[in-house]
file structure_10.pdb (PDB, C-alpha atoms and all ligand atoms)
ATOM      1  CA  MET A   8      20.176  -9.783   8.037  1.00  0.00           C
ATOM      2  CA  VAL A   9      18.424  -6.494   7.237  1.00  0.00           C
ATOM      3  CA  LYS A  10      14.666  -6.458   7.390  1.00  0.00           C
ATOM      4  CA  ALA A  11      12.360  -3.639   6.271  1.00  0.00           C
ATOM      5  CA  ILE A  12       8.703  -2.710   6.538  1.00  0.00           C
ATOM      6  CA  TYR A  13       6.792  -1.291   3.592  1.00  0.00           C
ATOM      7  CA  PRO A  14       3.678   0.213   5.182  1.00  0.00           C
ATOM      8  CA  GLY A  15       0.549   1.548   3.505  1.00  0.00           C
ATOM      9  CA  SER A  16      -3.172   1.293   3.035  1.00  0.00           C
ATOM     10  CA  PHE A  17      -2.993  -0.600  -0.287  1.00  0.00           C
ATOM     11  CA  ASP A  18      -6.693  -0.010  -0.933  1.00  0.00           C
ATOM     12  CA  PRO A  19      -6.233  -1.568  -3.475  1.00  0.00           C
ATOM     13  CA  CYS A  20      -2.629  -2.569  -4.249  1.00  0.00           C
ATOM     14  CA  THR A  21      -1.561  -0.874  -7.508  1.00  0.00           C
ATOM     15  CA  LEU A  22       1.178  -1.576 -10.055  1.00  0.00           C
ATOM     16  CA  GLY A  23       3.117   1.254  -8.365  1.00  0.00           C
ATOM     17  CA  HIS A  24       2.968  -0.523  -5.000  1.00  0.00           C
ATOM     18  CA  LEU A  25       3.935  -3.861  -6.570  1.00  0.00           C
ATOM     19  CA  ASP A  26       6.923  -2.234  -8.261  1.00  0.00           C
ATOM     20  CA  ILE A  27       8.149  -0.888  -4.894  1.00  0.00           C
ATOM     21  CA  ILE A  28       7.591  -4.335  -3.286  1.00  0.00           C
ATOM     22  CA  LYS A  29       9.636  -6.076  -6.020  1.00  0.00           C
ATOM     23  CA  ARG A  30      12.470  -3.568  -5.839  1.00  0.00           C
ATOM     24  CA  SER A  31      12.551  -3.708  -2.027  1.00  0.00           C
ATOM     25  CA  SER A  32      12.685  -7.483  -2.081  1.00  0.00           C
ATOM     26  CA  ALA A  33      15.920  -7.229  -4.078  1.00  0.00           C
ATOM     27  CA  LEU A  34      17.417  -4.743  -1.617  1.00  0.00           C
ATOM     28  CA  PHE A  35      16.545  -6.334   1.745  1.00  0.00           C
ATOM     29  CA  ASP A  36      16.746  -9.831   3.213  1.00  0.00           C
ATOM     30  CA  GLU A  37      13.124  -9.673   4.304  1.00  0.00           C
ATOM     31  CA  VAL A  38      10.380  -7.163   3.608  1.00  0.00           C
ATOM     32  CA  ILE A  39       7.212  -7.019   5.679  1.00  0.00           C
ATOM     33  CA  VAL A  40       4.376  -5.388   3.773  1.00  0.00           C
ATOM     34  CA  GLY A  41       2.429  -3.741   6.610  1.00  0.00           C
ATOM     35  CA  VAL A  42      -1.223  -3.213   5.762  1.00  0.00           C
ATOM     36  CA  LEU A  43      -2.687  -0.459   7.882  1.00  0.00           C
ATOM     37  CA  ASN A  44      -5.999  -1.166   9.545  1.00  0.00           C
ATOM     38  CA  ASN A  45      -7.065   2.447   9.833  1.00  0.00           C
ATOM     39  CA  SER A  46     -10.357   2.703  11.664  1.00  0.00           C
ATOM     40  CA  LYS A  47     -10.683   6.402  10.738  1.00  0.00           C
ATOM     41  CA  LYS A  48     -10.804   5.635   7.012  1.00  0.00           C
ATOM     42  CA  ASN A  49     -13.658   3.797   5.381  1.00  0.00           C
ATOM     43  CA  PRO A  50     -11.748   1.487   3.057  1.00  0.00           C
ATOM     44  CA  LEU A  51     -13.072  -0.172  -0.090  1.00  0.00           C
ATOM     45  CA  PHE A  52     -11.435  -3.478   0.903  1.00  0.00           C
ATOM     46  CA  THR A  53     -11.316  -4.893   4.438  1.00  0.00           C
ATOM     47  CA  VAL A  54      -7.887  -5.278   5.927  1.00  0.00           C
ATOM     48  CA  SER A  55      -7.948  -9.061   5.488  1.00  0.00           C
ATOM     49  CA  GLU A  56      -8.951  -8.664   1.826  1.00  0.00           C
ATOM     50  CA  ARG A  57      -6.003  -6.301   1.330  1.00  0.00           C
ATOM     51  CA  VAL A  58      -3.608  -8.666   3.116  1.00  0.00           C
ATOM     52  CA  ASN A  59      -4.824 -11.614   1.024  1.00  0.00           C
ATOM     53  CA  MET A  60      -4.542  -9.731  -2.263  1.00  0.00           C
ATOM     54  CA  ILE A  61      -0.901  -8.812  -1.542  1.00  0.00           C
ATOM     55  CA  LYS A  62      -0.142 -12.374  -0.369  1.00  0.00           C
ATOM     56  CA  GLU A  63      -1.461 -13.667  -3.695  1.00  0.00           C
ATOM     57  CA  LEU A  64       0.553 -11.119  -5.697  1.00  0.00           C
ATOM     58  CA  THR A  65       3.773 -11.941  -3.823  1.00  0.00           C
ATOM     59  CA  LYS A  66       3.376 -15.701  -3.506  1.00  0.00           C
ATOM     60  CA  ASP A  67       6.503 -16.268  -5.621  1.00  0.00           C
ATOM     61  CA  MET A  68       8.610 -13.810  -3.612  1.00  0.00           C
ATOM     62  CA  PRO A  69       9.921 -15.829  -0.646  1.00  0.00           C
ATOM     63  CA  ASN A  70      11.342 -12.877   1.299  1.00  0.00           C
ATOM     64  CA  ILE A  71       8.057 -10.943   1.358  1.00  0.00           C
ATOM     65  CA  LYS A  72       5.796 -11.282   4.389  1.00  0.00           C
ATOM     66  CA  VAL A  73       2.394  -9.601   4.584  1.00  0.00           C
ATOM     67  CA  MET A  74       0.944  -8.494   7.908  1.00  0.00           C
ATOM     68  CA  SER A  75      -1.727  -6.087   9.077  1.00  0.00           C
ATOM     69  CA  PHE A  76      -1.180  -3.570  11.828  1.00  0.00           C
ATOM     70  CA  ASP A  77      -3.166  -1.081  13.887  1.00  0.00           C
ATOM     71  CA  GLY A  78      -1.985   2.137  15.404  1.00  0.00           C
ATOM     72  CA  LEU A  79       1.436   3.688  15.149  1.00  0.00           C
ATOM     73  CA  LEU A  80       3.948   2.427  12.633  1.00  0.00           C
ATOM     74  CA  VAL A  81       6.803   2.893  15.132  1.00  0.00           C
ATOM     75  CA  ASP A  82       5.035   0.579  17.590  1.00  0.00           C
ATOM     76  CA  PHE A  83       4.565  -2.035  14.863  1.00  0.00           C
ATOM     77  CA  ALA A  84       8.252  -1.667  13.906  1.00  0.00           C
ATOM     78  CA  ARG A  85       9.267  -2.277  17.540  1.00  0.00           C
ATOM     79  CA  GLU A  86       6.934  -5.261  17.777  1.00  0.00           C
ATOM     80  CA  VAL A  87       8.473  -6.984  14.744  1.00  0.00           C
ATOM     81  CA  ASP A  88      11.972  -5.678  15.572  1.00  0.00           C
ATOM     82  CA  VAL A  89      12.536  -3.922  12.248  1.00  0.00           C
ATOM     83  CA  HIS A  90      14.442  -0.633  11.931  1.00  0.00           C
ATOM     84  CA  VAL A  91      13.983   0.223   8.267  1.00  0.00           C
ATOM     85  CA  ILE A  92      10.834   1.717   6.779  1.00  0.00           C
ATOM     86  CA  ILE A  93      10.388   1.895   3.022  1.00  0.00           C
ATOM     87  CA  ARG A  94       8.244   4.563   1.427  1.00  0.00           C
ATOM     88  CA  GLY A  95       7.641   5.343  -2.233  1.00  0.00           C
ATOM     89  CA  LEU A  96       8.065   8.871  -3.545  1.00  0.00           C
ATOM     90  CA  ARG A  97       6.052   9.910  -6.557  1.00  0.00           C
ATOM     91  CA  ALA A  98       6.187  13.653  -6.875  1.00  0.00           C
ATOM     92  CA  ILE A  99       7.243  16.692  -4.929  1.00  0.00           C
ATOM     93  CA  THR A 100       3.760  16.697  -3.403  1.00  0.00           C
ATOM     94  CA  ASP A 101       4.609  13.430  -1.574  1.00  0.00           C
ATOM     95  CA  PHE A 102       7.905  14.813  -0.327  1.00  0.00           C
ATOM     96  CA  GLU A 103       6.785  17.327   2.278  1.00  0.00           C
ATOM     97  CA  TYR A 104       4.404  14.896   3.993  1.00  0.00           C
ATOM     98  CA  GLU A 105       6.821  11.972   3.832  1.00  0.00           C
ATOM     99  CA  LEU A 106       9.684  14.046   5.250  1.00  0.00           C
ATOM    100  CA  GLN A 107       7.515  15.143   8.164  1.00  0.00           C
ATOM    101  CA  ILE A 108       6.375  11.583   8.910  1.00  0.00           C
ATOM    102  CA  ALA A 109       9.931  10.212   8.617  1.00  0.00           C
ATOM    103  CA  GLN A 110      11.252  12.832  11.015  1.00  0.00           C
ATOM    104  CA  SER A 111       8.389  12.264  13.471  1.00  0.00           C
ATOM    105  CA  ASN A 112       9.030   8.513  13.420  1.00  0.00           C
ATOM    106  CA  LYS A 113      12.741   9.157  14.046  1.00  0.00           C
ATOM    107  CA  ALA A 114      11.866  11.431  16.971  1.00  0.00           C
ATOM    108  CA  GLN A 115       9.752   8.637  18.461  1.00  0.00           C
ATOM    109  CA  HIS A 116      12.154   5.789  17.731  1.00  0.00           C
ATOM    110  CA  SER A 117      15.743   6.905  17.143  1.00  0.00           C
ATOM    111  CA  GLU A 118      16.853   3.641  15.541  1.00  0.00           C
ATOM    112  CA  ILE A 119      14.307   3.896  12.728  1.00  0.00           C
ATOM    113  CA  GLU A 120      15.605   4.804   9.271  1.00  0.00           C
ATOM    114  CA  THR A 121      13.256   5.643   6.421  1.00  0.00           C
ATOM    115  CA  VAL A 122      14.386   4.675   2.937  1.00  0.00           C
ATOM    116  CA  PHE A 123      12.675   6.305  -0.043  1.00  0.00           C
ATOM    117  CA  LEU A 124      12.394   4.590  -3.389  1.00  0.00           C
ATOM    118  CA  THR A 125      11.488   6.818  -6.291  1.00  0.00           C
ATOM    119  CA  THR A 126       8.537   5.684  -8.318  1.00  0.00           C
ATOM    120  CA  ASP A 127       8.967   4.039 -11.674  1.00  0.00           C
ATOM    121  CA  ILE A 128       8.223   6.800 -14.195  1.00  0.00           C
ATOM    122  CA  HIS A 129       5.328   4.726 -15.611  1.00  0.00           C
ATOM    123  CA  TYR A 130       3.510   4.838 -12.274  1.00  0.00           C
ATOM    124  CA  SER A 131       4.300   8.324 -11.047  1.00  0.00           C
ATOM    125  CA  TYR A 132       0.669   9.465 -11.451  1.00  0.00           C
ATOM    126  CA  LEU A 133      -0.790   6.343  -9.905  1.00  0.00           C
ATOM    127  CA  SER A 134      -2.506   6.081  -6.528  1.00  0.00           C
ATOM    128  CA  SER A 135      -5.171   3.861  -4.973  1.00  0.00           C
ATOM    129  CA  THR A 136      -7.468   6.911  -5.000  1.00  0.00           C
ATOM    130  CA  ILE A 137      -7.140   7.195  -8.800  1.00  0.00           C
ATOM    131  CA  VAL A 138      -7.931   3.476  -9.153  1.00  0.00           C
ATOM    132  CA  ARG A 139     -11.063   3.815  -6.996  1.00  0.00           C
ATOM    133  CA  GLU A 140     -12.162   6.967  -8.822  1.00  0.00           C
ATOM    134  CA  PHE A 141     -11.902   5.376 -12.293  1.00  0.00           C
ATOM    135  CA  ALA A 142     -13.380   2.053 -11.185  1.00  0.00           C
ATOM    136  CA  SER A 143     -16.356   3.733  -9.534  1.00  0.00           C
ATOM    137  CA  TYR A 144     -17.390   5.037 -12.975  1.00  0.00           C
ATOM    138  CA  GLY A 145     -16.747   1.719 -14.723  1.00  0.00           C
ATOM    139  CA  GLY A 146     -13.432   2.945 -16.200  1.00  0.00           C
ATOM    140  CA  ASP A 147     -10.627   0.720 -17.477  1.00  0.00           C
ATOM    141  CA  ILE A 148      -8.142   0.075 -14.634  1.00  0.00           C
ATOM    142  CA  SER A 149      -5.987  -2.491 -16.455  1.00  0.00           C
ATOM    143  CA  SER A 150      -2.997  -0.140 -16.616  1.00  0.00           C
ATOM    144  CA  PHE A 151      -3.334   0.750 -12.923  1.00  0.00           C
ATOM    145  CA  VAL A 152      -3.525  -2.549 -11.009  1.00  0.00           C
ATOM    146  CA  PRO A 153      -2.163  -6.108 -11.413  1.00  0.00           C
ATOM    147  CA  LYS A 154      -4.501  -8.246 -13.513  1.00  0.00           C
ATOM    148  CA  GLU A 155      -5.497 -10.392 -10.502  1.00  0.00           C
ATOM    149  CA  ILE A 156      -6.866  -7.292  -8.772  1.00  0.00           C
ATOM    150  CA  ILE A 157      -9.105  -6.059 -11.615  1.00  0.00           C
ATOM    151  CA  PRO A 158     -12.051  -8.457 -10.983  1.00  0.00           C
ATOM    152  CA  LEU A 159     -11.894  -7.827  -7.227  1.00  0.00           C
ATOM    153  CA  VAL A 160     -12.215  -4.063  -7.679  1.00  0.00           C
ATOM    154  CA  GLU A 161     -14.905  -4.438 -10.335  1.00  0.00           C
ATOM    155  CA  GLU A 162     -16.922  -6.731  -8.089  1.00  0.00           C
ATOM    156  CA  LYS A 163     -16.754  -4.260  -5.203  1.00  0.00           C
ATOM    157  CA  TYR A 164     -18.214  -1.494  -7.351  1.00  0.00           C
ATOM    158  CA  ARG A 165     -20.834  -3.811  -8.869  1.00  0.00           C
ATOM    159  CA  ASN A 166     -22.044  -4.560  -5.330  1.00  0.00           C
ATOM    160  CA  ILE A 167     -21.897  -0.903  -4.307  1.00  0.00           C
ATOM    161  CA  ASN A 168     -23.851   0.149  -7.413  1.00  0.00           C
ATOM    162  CA  VAL A 169     -26.479  -2.603  -6.923  1.00  0.00           C
ATOM    163  CA  LYS A 170     -26.876  -1.551  -3.299  1.00  0.00           C
ATOM    164  CA  GLY A 171     -27.050   2.117  -4.369  1.00  0.00           C
ATOM    165  CA  ASP A 172     -29.808   1.278  -6.897  1.00  0.00           C
ATOM    166  CA  LYS A 173     -31.771  -0.611  -4.255  1.00  0.00           C
ATOM    167  CA  ASP A 174     -31.359   2.161  -1.697  1.00  0.00           C
ATOM    168  CA  GLY A 175     -32.445   4.719  -4.303  1.00  0.00           C
ATOM    169  CA  GLN A 176     -35.704   2.892  -5.101  1.00  0.00           C
TER     170      GLN A 176
HETATM  171  P1  LIG B   1      -0.540   5.618   2.635  1.00  0.00           P
HETATM  172  O1  LIG B   1      -1.995   5.854   2.940  1.00  0.00           O
HETATM  173  O2  LIG B   1       0.273   5.186   3.816  1.00  0.00           O
HETATM  174  O3  LIG B   1       0.156   6.674   1.813  1.00  0.00           O
HETATM  175  P2  LIG B   1      -0.661   4.044   0.251  1.00  0.00           P
HETATM  176  O4  LIG B   1      -1.191   2.667   0.137  1.00  0.00           O
HETATM  177  O5  LIG B   1      -1.336   5.118  -0.497  1.00  0.00           O
HETATM  178  O6  LIG B   1      -0.594   4.296   1.791  1.00  0.00           O
HETATM  179  O7  LIG B   1       0.874   4.064  -0.168  1.00  0.00           O
HETATM  180  C1  LIG B   1       1.836   3.278   0.465  1.00  0.00           C
HETATM  181  C2  LIG B   1       3.219   3.709   0.006  1.00  0.00           C
HETATM  182  O8  LIG B   1       3.369   3.453  -1.363  1.00  0.00           O
HETATM  183  C3  LIG B   1       3.526   5.193   0.190  1.00  0.00           C
HETATM  184  O9  LIG B   1       4.892   5.333   0.545  1.00  0.00           O
HETATM  185  C4  LIG B   1       3.292   5.771  -1.181  1.00  0.00           C
HETATM  186  O10 LIG B   1       4.071   6.937  -1.399  1.00  0.00           O
HETATM  187  C5  LIG B   1       3.783   4.634  -2.042  1.00  0.00           C
HETATM  188  N1  LIG B   1       3.159   4.654  -3.362  1.00  0.00           N
HETATM  189  C6  LIG B   1       1.845   4.738  -3.651  1.00  0.00           C
HETATM  190  N2  LIG B   1       1.655   4.749  -4.986  1.00  0.00           N
HETATM  191  C7  LIG B   1       2.888   4.668  -5.549  1.00  0.00           C
HETATM  192  C8  LIG B   1       3.379   4.670  -6.903  1.00  0.00           C
HETATM  193  N3  LIG B   1       2.544   4.779  -7.930  1.00  0.00           N
HETATM  194  N4  LIG B   1       4.700   4.578  -7.084  1.00  0.00           N
HETATM  195  C9  LIG B   1       5.545   4.511  -6.027  1.00  0.00           C
HETATM  196  N5  LIG B   1       5.158   4.533  -4.736  1.00  0.00           N
HETATM  197  C10 LIG B   1       3.852   4.602  -4.502  1.00  0.00           C
END

call {"tool": "encode", "arguments": {"input": "structure_10.pdb", "output": "structure tokens"}}
result
Amino acid sequence: MVKAIYPGSFDPCTLGHLDIIKRSSALFDEVIVGVLNNSKKNPLFTVSERVNMIKELTKDMPNIKVMSFDGLLVDFAREVDVHVIIRGLRAITDFEYELQIAQSNKAQHSEIETVFLTTDIHYSYLSSTIVREFASYGGDISSFVPKEIIPLVEEKYRNINVKGDKDGQ
């Protein structure tokens, strides 16, 4: 039985992330989507909101488990006894960083293998940052995120804008 972890911030989960989740679920017996609770970043969605959104999106995929984690990915991998890490590669700009991280993880935990899945060509430009940028200006994000996620993102920015208006008064 080969298990894998697909780690990330997923703030929010995009169609690119979902594509990697679906393809991983066909390759591995079990895939743990690891949602990083990064205290240094100021995320749009709380970690439990991100976990719940991915649980909802993967509810019909029985071999997908969604968990949050803090700290180092290698420590989380040890904790759940998983030796395979999945990462998505979009462009050459991802490569340098991903290679460095993969090699650092290997140096820390020699049994870890990182598997890279190349992005679907339709999503090669797509990132959570792009989604947040467009949504913050009221842009159309329907080609960026699963349909279930659209109202959640829109509501976040409605609240932020209302708060901003109040604070600006
Ligand atoms: P991180 O902050 O760890 O990079 P992200 O949530 O941005 O977390 O991304 C998680 C993983 O998903 C990374 O491996 C990233 O390269 C991959 N990824 C992000 N967007 C896409 C996409 N559009 N297509 C394929 N992989 C993607």

call {"tool": "residues_around", "arguments": {"input": "structure_10.pdb", "residues": "A:Arg85", "least_positions_apart": "4", "cutoff": "12 Å", "atoms": "only C-alpha atoms", "output": "list in words"}}
result
Ala11, Ile12, Phe76, Leu79, Leu80, Val81, Val89, His90, Val91, Ile92, Asn112, Gln115, His116, Ser117, Glu118 and Ile119 of chain A

call {"tool": "residues_near_ligand", "arguments": {"input": "structure_10.pdb", "ligand": "ligand LIG 1 (chain B)", "cutoff": "8 Å", "atoms": "all atoms listed in the file", "output": "number ranges by chain"}}
result
A: 13-24, 26-27, 43, 93-97, 101, 105, 123-127, 130-136

call {"tool": "atom_distance", "arguments": {"input": "structure_10.pdb", "atom1": "atom CA of A:Asn44", "atom2": "atom CA of A:Glu56"}}
result
11.2 Å

call {"tool": "atom_distance", "arguments": {"input": "structure_10.pdb", "atom1": "atom CA of A:Phe83", "atom2": "atom CA of A:Ile39"}}
result
10.8 Å

call {"tool": "atom_distance", "arguments": {"input": "structure_10.pdb", "atom1": "atom CA of A:Glu63", "atom2": "atom CA of A:Val87"}}
result
22.0 Å

call {"tool": "resolve_selection", "arguments": {"input": "structure_10.pdb", "expression": "the PyMOL selection byres (((chain A and resi 153) around 9) and not hetatm)", "output": "count of residues only"}}
result
13

call {"tool": "closest_residue", "arguments": {"input": "structure_10.pdb", "among": "A:Val122, A:Ile137, A:Ala98, A:Ile61", "to": "A:Phe35", "atoms": "all atoms listed in the file"}}
result
A:Val122

call {"tool": "residues_around", "arguments": {"input": "structure_10.pdb", "residues": "A:Val38", "least_positions_apart": "4", "cutoff": "9 Å", "atoms": "all atoms listed in the file", "output": "ChimeraX atom specification"}}
result
/A:9-13,28,31-32,70-73

call {"tool": "residues_around", "arguments": {"input": "structure_10.pdb", "residues": "A:Val160", "least_positions_apart": "4", "cutoff": "9 Å", "atoms": "only C-alpha atoms", "output": "mmCIF file with C-alpha atoms, in the coordinates of the input"}}
result
data_model
loop_
_atom_site.group_PDB
_atom_site.id
_atom_site.type_symbol
_atom_site.label_atom_id
_atom_site.label_comp_id
_atom_site.auth_asym_id
_atom_site.auth_seq_id
_atom_site.Cartn_x
_atom_site.Cartn_y
_atom_site.Cartn_z
ATOM 1 C CA PRO A 19 -6.233 -1.568 -3.475
ATOM 2 C CA LEU A 51 -13.072 -0.172 -0.090
ATOM 3 C CA PHE A 52 -11.435 -3.478 0.903
ATOM 4 C CA VAL A 138 -7.931 3.476 -9.153
ATOM 5 C CA ARG A 139 -11.063 3.815 -6.996
ATOM 6 C CA ALA A 142 -13.380 2.053 -11.185
ATOM 7 C CA ILE A 156 -6.866 -7.292 -8.772
ATOM 8 C CA TYR A 164 -18.214 -1.494 -7.351
ATOM 9 C CA ARG A 165 -20.834 -3.811 -8.869
#
